[in-house]
>>> print(open('target13.txt').read())   # compact mmCIF, N, CA, C and O atoms
# COMPACT_ATOMS: atom_id res chain seq x y z
N MET B 1 22.66 -9.09 6.98
CA MET B 1 21.78 -9.55 5.94
C MET B 1 20.49 -8.76 6.05
O MET B 1 19.96 -8.57 7.13
N THR B 2 19.99 -8.30 4.91
CA THR B 2 18.77 -7.50 4.86
C THR B 2 17.81 -8.10 3.86
O THR B 2 18.22 -8.47 2.75
N GLN B 3 16.54 -8.21 4.25
CA GLN B 3 15.53 -8.67 3.30
C GLN B 3 15.03 -7.45 2.54
O GLN B 3 14.43 -6.54 3.13
N ARG B 4 15.28 -7.41 1.25
CA ARG B 4 14.87 -6.26 0.42
C ARG B 4 13.41 -6.36 0.01
O ARG B 4 12.73 -5.37 -0.13
N ARG B 5 12.99 -7.59 -0.24
CA ARG B 5 11.60 -7.89 -0.58
C ARG B 5 11.43 -9.39 -0.41
O ARG B 5 12.39 -10.09 -0.11
N GLU B 6 10.23 -9.87 -0.57
CA GLU B 6 9.98 -11.31 -0.47
C GLU B 6 10.90 -12.05 -1.43
O GLU B 6 10.89 -11.79 -2.64
N GLY B 7 11.73 -12.93 -0.90
CA GLY B 7 12.61 -13.75 -1.73
C GLY B 7 13.94 -13.13 -2.09
O GLY B 7 14.72 -13.74 -2.82
N LEU B 8 14.23 -11.91 -1.63
CA LEU B 8 15.50 -11.27 -1.95
C LEU B 8 16.21 -10.84 -0.68
O LEU B 8 15.71 -10.01 0.08
N LEU B 9 17.38 -11.43 -0.45
CA LEU B 9 18.22 -11.09 0.69
C LEU B 9 19.53 -10.53 0.17
O LEU B 9 20.10 -11.04 -0.79
N GLU B 10 20.02 -9.49 0.83
CA GLU B 10 21.31 -8.92 0.47
C GLU B 10 22.17 -8.78 1.72
O GLU B 10 21.65 -8.51 2.80
N ALA B 11 23.46 -8.98 1.55
CA ALA B 11 24.38 -8.89 2.68
C ALA B 11 25.61 -8.09 2.25
O ALA B 11 26.00 -8.10 1.08
N GLU B 12 26.19 -7.42 3.24
CA GLU B 12 27.42 -6.68 3.01
C GLU B 12 28.40 -7.03 4.12
O GLU B 12 28.03 -7.04 5.29
N ILE B 13 29.63 -7.30 3.75
CA ILE B 13 30.67 -7.64 4.72
C ILE B 13 31.12 -6.38 5.44
O ILE B 13 31.29 -5.32 4.82
N ASP B 14 31.31 -6.50 6.75
CA ASP B 14 31.91 -5.43 7.53
C ASP B 14 33.42 -5.65 7.52
O ASP B 14 33.91 -6.58 8.16
N PRO B 15 34.18 -4.83 6.79
CA PRO B 15 35.62 -5.05 6.69
C PRO B 15 36.34 -5.05 8.04
O PRO B 15 37.37 -5.70 8.19
N ALA B 16 35.79 -4.36 9.02
CA ALA B 16 36.43 -4.32 10.35
C ALA B 16 36.34 -5.66 11.06
O ALA B 16 37.10 -5.94 11.98
N ASP B 17 35.43 -6.52 10.62
CA ASP B 17 35.20 -7.81 11.27
C ASP B 17 35.39 -8.96 10.28
O ASP B 17 34.70 -9.97 10.35
N SER B 18 36.33 -8.79 9.33
CA SER B 18 36.44 -9.76 8.25
C SER B 18 37.86 -9.82 7.70
O SER B 18 38.66 -8.92 7.92
N ASP B 19 38.11 -10.88 6.93
CA ASP B 19 39.36 -11.01 6.19
C ASP B 19 39.23 -10.44 4.78
O ASP B 19 40.09 -10.66 3.94
N PHE B 20 38.13 -9.74 4.52
CA PHE B 20 37.87 -9.16 3.21
C PHE B 20 37.82 -7.64 3.29
O PHE B 20 37.27 -7.08 4.22
N GLU B 21 38.40 -6.97 2.28
CA GLU B 21 38.33 -5.52 2.20
C GLU B 21 36.92 -5.08 1.81
O GLU B 21 36.48 -4.00 2.18
N TYR B 22 36.26 -5.93 1.03
CA TYR B 22 34.95 -5.59 0.48
C TYR B 22 34.20 -6.89 0.22
O TYR B 22 34.81 -7.90 -0.09
N GLY B 23 32.90 -6.87 0.35
CA GLY B 23 32.13 -8.05 0.00
C GLY B 23 30.64 -7.80 0.06
O GLY B 23 30.14 -7.13 0.97
N THR B 24 29.94 -8.30 -0.96
CA THR B 24 28.48 -8.26 -0.98
C THR B 24 27.97 -9.62 -1.45
O THR B 24 28.68 -10.36 -2.13
N ALA B 25 26.74 -9.91 -1.07
CA ALA B 25 26.09 -11.13 -1.53
C ALA B 25 24.62 -10.82 -1.77
O ALA B 25 24.01 -10.03 -1.04
N ARG B 26 24.07 -11.41 -2.80
CA ARG B 26 22.66 -11.24 -3.15
C ARG B 26 22.05 -12.64 -3.32
O ARG B 26 22.48 -13.40 -4.18
N TRP B 27 21.10 -12.97 -2.46
CA TRP B 27 20.40 -14.25 -2.48
C TRP B 27 18.99 -14.01 -3.01
O TRP B 27 18.24 -13.27 -2.41
N GLU B 28 18.65 -14.63 -4.12
CA GLU B 28 17.30 -14.48 -4.66
C GLU B 28 16.65 -15.86 -4.76
O GLU B 28 17.14 -16.75 -5.45
N LEU B 29 15.55 -16.01 -4.03
CA LEU B 29 14.82 -17.28 -3.98
C LEU B 29 13.53 -17.13 -4.77
O LEU B 29 12.78 -16.17 -4.57
N THR B 30 13.29 -18.08 -5.67
CA THR B 30 12.05 -18.09 -6.43
C THR B 30 11.44 -19.49 -6.34
O THR B 30 12.16 -20.49 -6.22
N PRO B 31 10.11 -19.58 -6.40
CA PRO B 31 9.46 -20.88 -6.32
C PRO B 31 9.88 -21.77 -7.49
O PRO B 31 10.08 -21.31 -8.61
N ALA B 32 10.03 -23.05 -7.19
CA ALA B 32 10.34 -24.06 -8.21
C ALA B 32 9.46 -25.28 -7.96
O ALA B 32 8.85 -25.40 -6.89
N ALA B 33 9.43 -26.17 -8.91
CA ALA B 33 8.54 -27.33 -8.82
C ALA B 33 8.76 -28.15 -7.55
O ALA B 33 7.81 -28.61 -6.93
N THR B 34 10.00 -28.31 -7.14
CA THR B 34 10.30 -29.15 -5.98
C THR B 34 10.66 -28.38 -4.73
O THR B 34 11.11 -28.96 -3.76
N GLY B 35 10.50 -27.07 -4.75
CA GLY B 35 10.85 -26.27 -3.57
C GLY B 35 11.16 -24.85 -3.98
O GLY B 35 10.28 -24.10 -4.37
N SER B 36 12.44 -24.49 -3.95
CA SER B 36 12.87 -23.14 -4.30
C SER B 36 14.10 -23.20 -5.18
O SER B 36 14.91 -24.12 -5.09
N HIS B 37 14.25 -22.19 -6.00
CA HIS B 37 15.45 -22.01 -6.81
C HIS B 37 16.23 -20.86 -6.19
O HIS B 37 15.66 -19.81 -5.89
N LEU B 38 17.52 -21.06 -5.99
CA LEU B 38 18.36 -20.04 -5.37
C LEU B 38 19.38 -19.53 -6.38
O LEU B 38 20.14 -20.30 -6.96
N ASP B 39 19.36 -18.22 -6.61
CA ASP B 39 20.41 -17.55 -7.38
C ASP B 39 21.25 -16.79 -6.37
O ASP B 39 20.72 -16.02 -5.57
N LEU B 40 22.55 -17.00 -6.42
CA LEU B 40 23.46 -16.35 -5.49
C LEU B 40 24.54 -15.63 -6.27
O LEU B 40 25.19 -16.22 -7.13
N LEU B 41 24.72 -14.36 -5.97
CA LEU B 41 25.78 -13.57 -6.58
C LEU B 41 26.65 -13.01 -5.45
O LEU B 41 26.14 -12.33 -4.55
N VAL B 42 27.94 -13.35 -5.48
CA VAL B 42 28.87 -12.91 -4.44
C VAL B 42 30.00 -12.14 -5.10
O VAL B 42 30.55 -12.57 -6.12
N ASP B 43 30.35 -11.01 -4.52
CA ASP B 43 31.46 -10.19 -5.00
C ASP B 43 32.32 -9.86 -3.79
O ASP B 43 31.85 -9.20 -2.86
N VAL B 44 33.57 -10.36 -3.77
CA VAL B 44 34.45 -10.12 -2.63
C VAL B 44 35.84 -9.71 -3.10
O VAL B 44 36.27 -10.05 -4.19
N ARG B 45 36.52 -8.97 -2.23
CA ARG B 45 37.92 -8.62 -2.43
C ARG B 45 38.66 -8.99 -1.15
O ARG B 45 38.50 -8.34 -0.11
N PRO B 46 39.46 -10.06 -1.20
CA PRO B 46 40.16 -10.49 0.01
C PRO B 46 41.23 -9.50 0.44
O PRO B 46 41.82 -8.81 -0.38
N ARG B 47 41.46 -9.47 1.74
CA ARG B 47 42.51 -8.64 2.33
C ARG B 47 43.85 -9.39 2.31
O ARG B 47 44.89 -8.83 2.59
N PHE B 48 43.81 -10.66 1.95
CA PHE B 48 44.99 -11.52 1.96
C PHE B 48 45.40 -11.84 0.53
O PHE B 48 44.62 -11.70 -0.41
N TRP B 49 46.65 -12.28 0.38
CA TRP B 49 47.17 -12.63 -0.94
C TRP B 49 46.54 -13.94 -1.39
O TRP B 49 46.44 -14.90 -0.63
N VAL B 50 46.13 -13.97 -2.66
CA VAL B 50 45.55 -15.18 -3.25
C VAL B 50 46.47 -15.62 -4.39
O VAL B 50 46.68 -14.87 -5.34
N PRO B 51 47.04 -16.84 -4.27
CA PRO B 51 47.93 -17.32 -5.34
C PRO B 51 47.19 -17.33 -6.68
O PRO B 51 46.05 -17.77 -6.75
N PRO B 52 47.82 -16.86 -7.75
CA PRO B 52 47.11 -16.66 -9.00
C PRO B 52 46.53 -17.91 -9.68
O PRO B 52 45.51 -17.83 -10.32
N VAL B 53 47.15 -19.06 -9.55
CA VAL B 53 46.67 -20.23 -10.28
C VAL B 53 45.58 -20.98 -9.52
O VAL B 53 44.46 -21.15 -10.00
N VAL B 54 45.86 -21.41 -8.31
CA VAL B 54 44.93 -22.23 -7.54
C VAL B 54 44.08 -21.39 -6.59
O VAL B 54 42.95 -21.76 -6.27
N GLY B 55 44.56 -20.24 -6.19
CA GLY B 55 43.90 -19.42 -5.19
C GLY B 55 42.46 -19.06 -5.48
O GLY B 55 41.58 -19.27 -4.64
N PRO B 56 42.15 -18.52 -6.67
CA PRO B 56 40.75 -18.18 -6.95
C PRO B 56 39.81 -19.38 -6.84
O PRO B 56 38.70 -19.26 -6.33
N TRP B 57 40.27 -20.54 -7.28
CA TRP B 57 39.45 -21.75 -7.17
C TRP B 57 39.22 -22.09 -5.69
O TRP B 57 38.09 -22.41 -5.31
N LEU B 58 40.26 -22.01 -4.86
CA LEU B 58 40.11 -22.31 -3.44
C LEU B 58 39.13 -21.35 -2.75
O LEU B 58 38.29 -21.77 -1.96
N VAL B 59 39.24 -20.07 -3.06
CA VAL B 59 38.33 -19.08 -2.47
C VAL B 59 36.90 -19.37 -2.93
O VAL B 59 35.97 -19.36 -2.13
N ARG B 60 36.72 -19.64 -4.24
CA ARG B 60 35.39 -19.95 -4.77
C ARG B 60 34.79 -21.16 -4.08
O ARG B 60 33.62 -21.18 -3.71
N GLU B 61 35.60 -22.20 -3.89
CA GLU B 61 35.11 -23.43 -3.24
C GLU B 61 34.74 -23.18 -1.78
O GLU B 61 33.73 -23.70 -1.29
N ALA B 62 35.53 -22.39 -1.08
CA ALA B 62 35.21 -22.07 0.32
C ALA B 62 33.91 -21.28 0.39
O ALA B 62 33.05 -21.56 1.24
N LEU B 63 33.73 -20.31 -0.51
CA LEU B 63 32.49 -19.53 -0.53
C LEU B 63 31.30 -20.40 -0.93
O LEU B 63 30.21 -20.27 -0.39
N ARG B 64 31.51 -21.33 -1.88
CA ARG B 64 30.43 -22.22 -2.30
C ARG B 64 30.00 -23.11 -1.14
O ARG B 64 28.80 -23.28 -0.89
N ALA B 65 30.94 -23.65 -0.40
CA ALA B 65 30.62 -24.51 0.75
C ALA B 65 29.86 -23.72 1.81
O ALA B 65 28.88 -24.23 2.38
N GLN B 66 30.28 -22.49 2.09
CA GLN B 66 29.59 -21.66 3.07
C GLN B 66 28.18 -21.33 2.59
O GLN B 66 27.22 -21.35 3.37
N ALA B 67 28.03 -21.03 1.30
CA ALA B 67 26.71 -20.75 0.74
C ALA B 67 25.80 -21.97 0.86
O ALA B 67 24.61 -21.84 1.17
N GLN B 68 26.35 -23.15 0.65
CA GLN B 68 25.56 -24.39 0.78
C GLN B 68 25.07 -24.56 2.21
O GLN B 68 23.90 -24.85 2.45
N ARG B 69 25.96 -24.34 3.19
CA ARG B 69 25.56 -24.46 4.59
C ARG B 69 24.49 -23.43 4.95
O ARG B 69 23.54 -23.73 5.66
N THR B 70 24.66 -22.21 4.44
CA THR B 70 23.67 -21.17 4.71
C THR B 70 22.32 -21.51 4.08
O THR B 70 21.28 -21.35 4.72
N ALA B 71 22.33 -21.99 2.85
CA ALA B 71 21.09 -22.38 2.17
C ALA B 71 20.38 -23.50 2.94
O ALA B 71 19.16 -23.49 3.09
N GLU B 72 21.14 -24.45 3.44
CA GLU B 72 20.56 -25.53 4.24
C GLU B 72 19.93 -24.98 5.51
O GLU B 72 18.87 -25.43 5.93
N GLY B 73 20.58 -24.00 6.12
CA GLY B 73 20.02 -23.36 7.31
C GLY B 73 18.73 -22.62 7.00
O GLY B 73 17.77 -22.67 7.77
N ILE B 74 18.69 -21.95 5.86
CA ILE B 74 17.47 -21.26 5.44
C ILE B 74 16.35 -22.27 5.23
O ILE B 74 15.21 -22.05 5.66
N GLU B 75 16.66 -23.38 4.60
CA GLU B 75 15.66 -24.43 4.38
C GLU B 75 15.14 -24.99 5.70
O GLU B 75 13.94 -25.21 5.86
N ARG B 76 16.03 -25.23 6.65
CA ARG B 76 15.60 -25.73 7.97
C ARG B 76 14.68 -24.73 8.64
O ARG B 76 13.64 -25.09 9.20
N ARG B 77 15.05 -23.47 8.59
CA ARG B 77 14.23 -22.42 9.22
C ARG B 77 12.88 -22.30 8.53
O ARG B 77 11.84 -22.16 9.21
N ALA B 78 12.86 -22.38 7.21
CA ALA B 78 11.59 -22.31 6.48
C ALA B 78 10.69 -23.49 6.86
O ALA B 78 9.48 -23.32 7.03
N ALA B 79 11.28 -24.67 7.02
CA ALA B 79 10.49 -25.85 7.40
C ALA B 79 9.90 -25.66 8.79
O ALA B 79 8.75 -26.07 9.04
N GLU B 80 10.63 -25.03 9.70
CA GLU B 80 10.13 -24.77 11.05
C GLU B 80 8.95 -23.81 11.03
O GLU B 80 8.06 -23.89 11.89
N LEU B 81 8.94 -22.88 10.09
CA LEU B 81 7.91 -21.85 10.03
C LEU B 81 6.65 -22.28 9.28
O LEU B 81 5.64 -21.60 9.36
N ARG B 82 6.75 -23.38 8.53
CA ARG B 82 5.57 -23.83 7.78
C ARG B 82 4.47 -24.28 8.74
O ARG B 82 4.74 -24.95 9.73
N PRO B 83 3.22 -23.94 8.39
CA PRO B 83 2.10 -24.35 9.27
C PRO B 83 1.84 -25.84 9.25
O PRO B 83 2.20 -26.56 8.42
>>> encode(input="target13.txt", output="structure tokens")
Amino acid sequence: MTQRREGLLEAEIDPADSDFEYGTARWELTPAATGSHLDLLVDVRPRFWVPPVVGPWLVREALRAQAQRTAEGIERRAAELRP
């Protein structure tokens, strides 16, 4: 994960250490009335077979759950850093 600028994080999957042939993620945080707004864009190509009907939904849900856990971790870390 690399911070490109304030509020913008980008990540790239290392295929040698992953189940994906390719993958990138872009996290953009902007101030909002109650905290922060998160825009997340993920582009991945799995190395494994994905069943055509249910598979894409399952992969999306797994990625969404992981993104939620990561966002919660970012929030916890930000709270620790606040003065």
>>> atom_distance(input="target13.txt", atom1="atom O of Arg45 of chain B", atom2="atom O of Gly73 of chain B")
26.4 Å
>>> closest_residue(input="target13.txt", among="B:Leu9, B:Ala25, B:Leu81, B:Ala71", to="Val44 of chain B", atoms="all atoms listed in the file")
B:Ala25
>>> select_by_dssp(input="target13.txt", residues="chain B", states="helix (DSSP H, G or I)", output="PyMOL selection string")
chain B and resi 15-17+55-81
>>> atom_distance(input="target13.txt", atom1="atom C of Ala67 of chain B", atom2="atom C of Arg26 of chain B")
10.9 Å
>>> atom_distance(input="target13.txt", atom1="atom C of Leu29 of chain B", atom2="atom O of Pro46 of chain B")
29.8 Å
>>> axis_aligned_box(input="target13.txt", around="segment 36-39 of chain B", padding_each_side="6 Å", output="AutoDock Vina command-line options")
--center_x 16.8 --center_y -20.3 --center_z -5.7 --size_x 20.8 --size_y 20.5 --size_z 15.4
>>> residues_around(input="target13.txt", residues="Glu10 of chain B", least_positions_apart="6", cutoff="6 Å", atoms="all atoms listed in the file", output="PyMOL selection string")
chain B and resi 1-4+25-27
>>> closest_residue(input="target13.txt", among="B:Gln66, B:Gly7, B:Ser18, B:Glu12", to="Leu38 of chain B", atoms="all atoms listed in the file")
B:Gly7
>>> residues_around(input="target13.txt", residues="Arg47 of chain B", least_positions_apart="4", cutoff="7 Å", atoms="all atoms listed in the file", output="list in words")
Ser18, Asp19, Phe20, Glu21 and Tyr22 of chain B
